[in-house]
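Colleague: Below: one structure in structure tokens.
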Amino acid sequence: MKVLLVEDDTMIGENIQIALVGEGIDVDWVTDGLAAEAALDRVKFDALLLDLGLPQKDGADVLQTLRARRNDIPVLVVTARDSVPQRVLGLSIGADDYLVKPFDLEELIARLHALIRRARGGVNLIYRNGDVTVNPATRQVFALQRQIILSSREWTILDALVARPGAILSRAQLEERLYGCSGDVESNAIEVYVYGLRKKLGQQFIMNVRGLGYMVEKV
């Protein structure tokens, strides 16, 4: 697996590079937007980790140019631009996922692996737990051999959880995933969508870890 990291902060870039290399990932690291475009023209990468606040050329402009050229490389935006409109903008111009600084390196790695698996057709991504089967590649969910229809926001929550079975995702982490959906995120949104998912998939399918967040069982 080969990843292009575009980050102008030396400390952040070094930490990400060390973490990814430790996972056996080959990393090319550049520090400005023009260098990023040159690297993307020269090398075929499996994914792009892209900061937005870059010298020479802004990361958002790099992303727009990339998509205008019909390059469908998976892009995980990693940035300090944390307002809701900025997150929505990043997703609307072609980012596949959005992670706000400061972030947990473990979460960065998990999201990166999920993006690459999906880009490769969802290999080994099907999640099965009892009578429930979730296929993120096709966005299909089955329970008791019957297909379950989810709303886009229910799917967003479920997809985040099954991408990291056994990991606890906080309310804030799940809310962040909802920013890519249209409309405002209400204060009780997570509870509402988890309630809806439990009604459809079983009360024990999504577990509530008091004071920490939600998780699905690692199987």
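Just so we're on the same page: first chain in the structure tokens is A, next is B, and so on; residues restart at 1 for each chain, and ligands are numbered from 1 in the order they show up.
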Excluding same-chain residues fewer than 5 positions from Gly59 of chain A, what lies within 7 Å of it counting only C-alpha atoms, as a PDB file with all heavy atoms, in the first residue's frame?

Modeller:
```
ATOM      1  N   GLY A  33       0.989  22.318  -1.885  1.00  0.00           N
ATOM      2  CA  GLY A  33       0.018  21.864  -2.861  1.00  0.00           C
ATOM      3  C   GLY A  33       0.597  21.567  -4.230  1.00  0.00           C
ATOM      4  O   GLY A  33       0.188  20.601  -4.889  1.00  0.00           O
ATOM      5  N   LEU A  50      -4.686  14.503   2.879  1.00  0.00           N
ATOM      6  CA  LEU A  50      -4.537  15.875   2.391  1.00  0.00           C
ATOM      7  C   LEU A  50      -4.918  16.909   3.441  1.00  0.00           C
ATOM      8  O   LEU A  50      -6.072  16.966   3.884  1.00  0.00           O
ATOM      9  CB  LEU A  50      -5.420  16.060   1.152  1.00  0.00           C
ATOM     10  CG  LEU A  50      -5.429  17.431   0.484  1.00  0.00           C
ATOM     11  CD1 LEU A  50      -4.057  17.757  -0.103  1.00  0.00           C
ATOM     12  CD2 LEU A  50      -6.508  17.493  -0.592  1.00  0.00           C
ATOM     13  N   ASP A  51      -3.948  17.756   3.818  1.00  0.00           N
ATOM     14  CA  ASP A  51      -4.240  18.938   4.627  1.00  0.00           C
ATOM     15  C   ASP A  51      -4.819  20.002   3.693  1.00  0.00           C
ATOM     16  O   ASP A  51      -4.532  20.008   2.492  1.00  0.00           O
ATOM     17  CB  ASP A  51      -2.953  19.431   5.289  1.00  0.00           C
ATOM     18  CG  ASP A  51      -3.200  20.561   6.271  1.00  0.00           C
ATOM     19  OD1 ASP A  51      -4.361  20.738   6.706  1.00  0.00           O
ATOM     20  OD2 ASP A  51      -2.242  21.290   6.597  1.00  0.00           O
ATOM     21  N   LEU A  52      -5.637  20.895   4.228  1.00  0.00           N
ATOM     22  CA  LEU A  52      -6.216  21.945   3.390  1.00  0.00           C
ATOM     23  C   LEU A  52      -5.397  23.235   3.418  1.00  0.00           C
ATOM     24  O   LEU A  52      -5.235  23.892   2.396  1.00  0.00           O
ATOM     25  CB  LEU A  52      -7.662  22.233   3.820  1.00  0.00           C
ATOM     26  CG  LEU A  52      -8.670  21.101   3.604  1.00  0.00           C
ATOM     27  CD1 LEU A  52     -10.069  21.568   3.971  1.00  0.00           C
ATOM     28  CD2 LEU A  52      -8.632  20.571   2.177  1.00  0.00           C
ATOM     29  N   GLY A  53      -4.883  23.602   4.582  1.00  0.00           N
ATOM     30  CA  GLY A  53      -4.116  24.846   4.701  1.00  0.00           C
ATOM     31  C   GLY A  53      -2.681  24.648   4.277  1.00  0.00           C
ATOM     32  O   GLY A  53      -1.798  24.436   5.115  1.00  0.00           O
ATOM     33  N   LEU A  54      -2.427  24.717   2.975  1.00  0.00           N
ATOM     34  CA  LEU A  54      -1.100  24.426   2.438  1.00  0.00           C
ATOM     35  C   LEU A  54      -0.490  25.650   1.756  1.00  0.00           C
ATOM     36  O   LEU A  54      -1.215  26.477   1.198  1.00  0.00           O
ATOM     37  CB  LEU A  54      -1.188  23.296   1.400  1.00  0.00           C
ATOM     38  CG  LEU A  54      -1.635  21.928   1.895  1.00  0.00           C
ATOM     39  CD1 LEU A  54      -1.893  21.013   0.703  1.00  0.00           C
ATOM     40  CD2 LEU A  54      -0.579  21.310   2.814  1.00  0.00           C
TER      41      LEU A  54
END
```

Colleague: Name all residues at most 9 Å from Ala39 of chain A (count only C-alpha atoms; drop same-chain ones fewer than 3 positions away) and give them as a compact mmCIF listing (two decimals) with C-alpha atoms, in the first residue's frame.

Modeller:
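Once written, result.txt looks like this:
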```txt
# COMPACT_ATOMS: atom_id res chain seq x y z
CA LEU A 4 0.75 10.32 -0.39
CA ASP A 28 5.62 9.74 0.30
CA VAL A 30 5.27 16.50 0.59
CA LEU A 34 2.14 22.14 -6.00
CA ALA A 35 4.44 19.35 -4.81
CA ALA A 36 1.35 17.24 -4.14
CA ARG A 42 4.29 11.02 -11.25
CA VAL A 43 3.22 8.12 -8.99
CA LYS A 44 0.12 5.95 -8.62
```

Colleague: Using DSSP on the backbone coordinates, identify all residues within segment 13-209 of chain A classified as strand (DSSP E or B); present the result as a ChimeraX atom specification.

Modeller: /A:26-30,47-50,75-79,97-100,127-129,132-135,140-143,146-147,169,206-209

Colleague: Rounded to one decimal in Å, what is the spacing between atom CA of Ala189 of chain A and atom CA of Ser151 of chain A?

Modeller: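 Computing it gives 12.9 Å between the two atoms.
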
Colleague: Taking only segment 41-204 of chain A into account, list the residues labelled helix (DSSP H, G or I) by DSSP (computed from the backbone), as number ranges by chain.

Modeller: A: 41-42, 59-68, 84-92, 105-119, 152-162, 171-178, 189-201

Colleague: Using only C-alpha atoms, which residue out of A:Leu91, A:Leu108, A:Ala80, A:Leu5 lies closest to Leu49 of chain A?

Modeller: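 Of all the options, A:Leu5 lies closest to Leu49 of chain A.
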
Colleague: I'd like a table as a tab-separated table: residues in segment 22-123 of chain A with an atom no more than 12 Å from segment 167-174 of chain A, each row giving the shortest atom pair and its distance in Å to one decimal, only C-alpha atoms counted, sorted by chain and rising residue number.

Modeller:
```
residue	atom	partner	partner_atom	distance
A:Tyr98	CA	A:Gln173	CA	11.0
A:Leu99	CA	A:Gln173	CA	9.4
A:Val100	CA	A:Gln173	CA	10.0
A:Phe103	CA	A:Gln173	CA	10.2
A:Asp104	CA	A:Gln173	CA	10.9
A:Glu106	CA	A:Ala167	CA	10.4
A:Glu107	CA	A:Leu169	CA	9.6
A:Ala110	CA	A:Ala167	CA	10.2
A:Arg111	CA	A:Gln173	CA	12.0
```

Colleague: Output C-alpha atoms for every residue in that selection, as a PDB file, in the first residue's frame.

Modeller:
```pdb
ATOM      1  CA  TYR A  98     -12.800  14.237   6.801  1.00  0.00           C
ATOM      2  CA  LEU A  99     -10.773  14.170  10.014  1.00  0.00           C
ATOM      3  CA  VAL A 100     -10.309  17.263  12.177  1.00  0.00           C
ATOM      4  CA  PHE A 103      -6.997  13.491  15.986  1.00  0.00           C
ATOM      5  CA  ASP A 104      -6.098  10.030  17.218  1.00  0.00           C
ATOM      6  CA  GLU A 106      -5.357   4.968  15.486  1.00  0.00           C
ATOM      7  CA  GLU A 107      -8.533   6.506  14.077  1.00  0.00           C
ATOM      8  CA  ALA A 110      -8.590   2.858  10.622  1.00  0.00           C
ATOM      9  CA  ARG A 111     -10.274   5.390   8.337  1.00  0.00           C
TER      10      ARG A 111
END
```

Colleague: Go through A:Asp159, A:Asp46, A:Glu191, A:Glu176 one by one, measure the shortest atom-to-atom distance of each to Asp26 of chain A using only C-alpha atoms, and give the residue with the smallest value.

Modeller: A:Asp46

Colleague: Can you work out the spacing between atom CA of Glu154 of chain A and atom CA of Arg128 of chain A in Å, to one decimal?

Modeller: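 Separation of atom CA of Glu154 of chain A and atom CA of Arg128 of chain A: 17.6 Å.
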
Colleague: Let me make sure I understand: among A:Arg67, A:Pro102, A:Lys200, A:Arg117, which one has the smallest atom-to-atom distance to Gln147 of chain A if we use only C-alpha atoms?

Modeller: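 Between A:Arg67, A:Pro102, A:Lys200, A:Arg117, the residue approaching Gln147 of chain A most closely is A:Lys200.
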
Colleague: What lies within 9 Å of segment 68-72 of chain A using only C-alpha atoms, ignoring chain neighbours under 4 positions off, as a ChimeraX atom specification?

Modeller: /A:63-64,94,119

Colleague: Got time to write the residues from that selection, C-alpha atoms, as a PDB file, in the first residue's frame?

Modeller:
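Saved the output as again.pdb:
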```
ATOM      1  CA  LEU A  63      -8.679  18.335  -4.448  1.00  0.00           C
ATOM      2  CA  GLN A  64     -10.900  20.156  -6.941  1.00  0.00           C
ATOM      3  CA  GLY A  94     -14.586  15.342  -3.559  1.00  0.00           C
ATOM      4  CA  ALA A 119     -11.882   1.614  -3.328  1.00  0.00           C
TER       5      ALA A 119
END
```

Colleague: Just want the 12 Å neighbourhood of Leu150 of chain A, counted on only C-alpha atoms, with same-chain residues fewer than 6 positions away dropped. Output as number ranges by chain.

Modeller: A: 134, 139-142, 156-159, 193-194, 196-201

Colleague: If I take atom CA of Lys218 of chain A and atom CA of Arg164 of chain A, how far is one from the other in Å, to one decimal?

Modeller: 8.2 Å
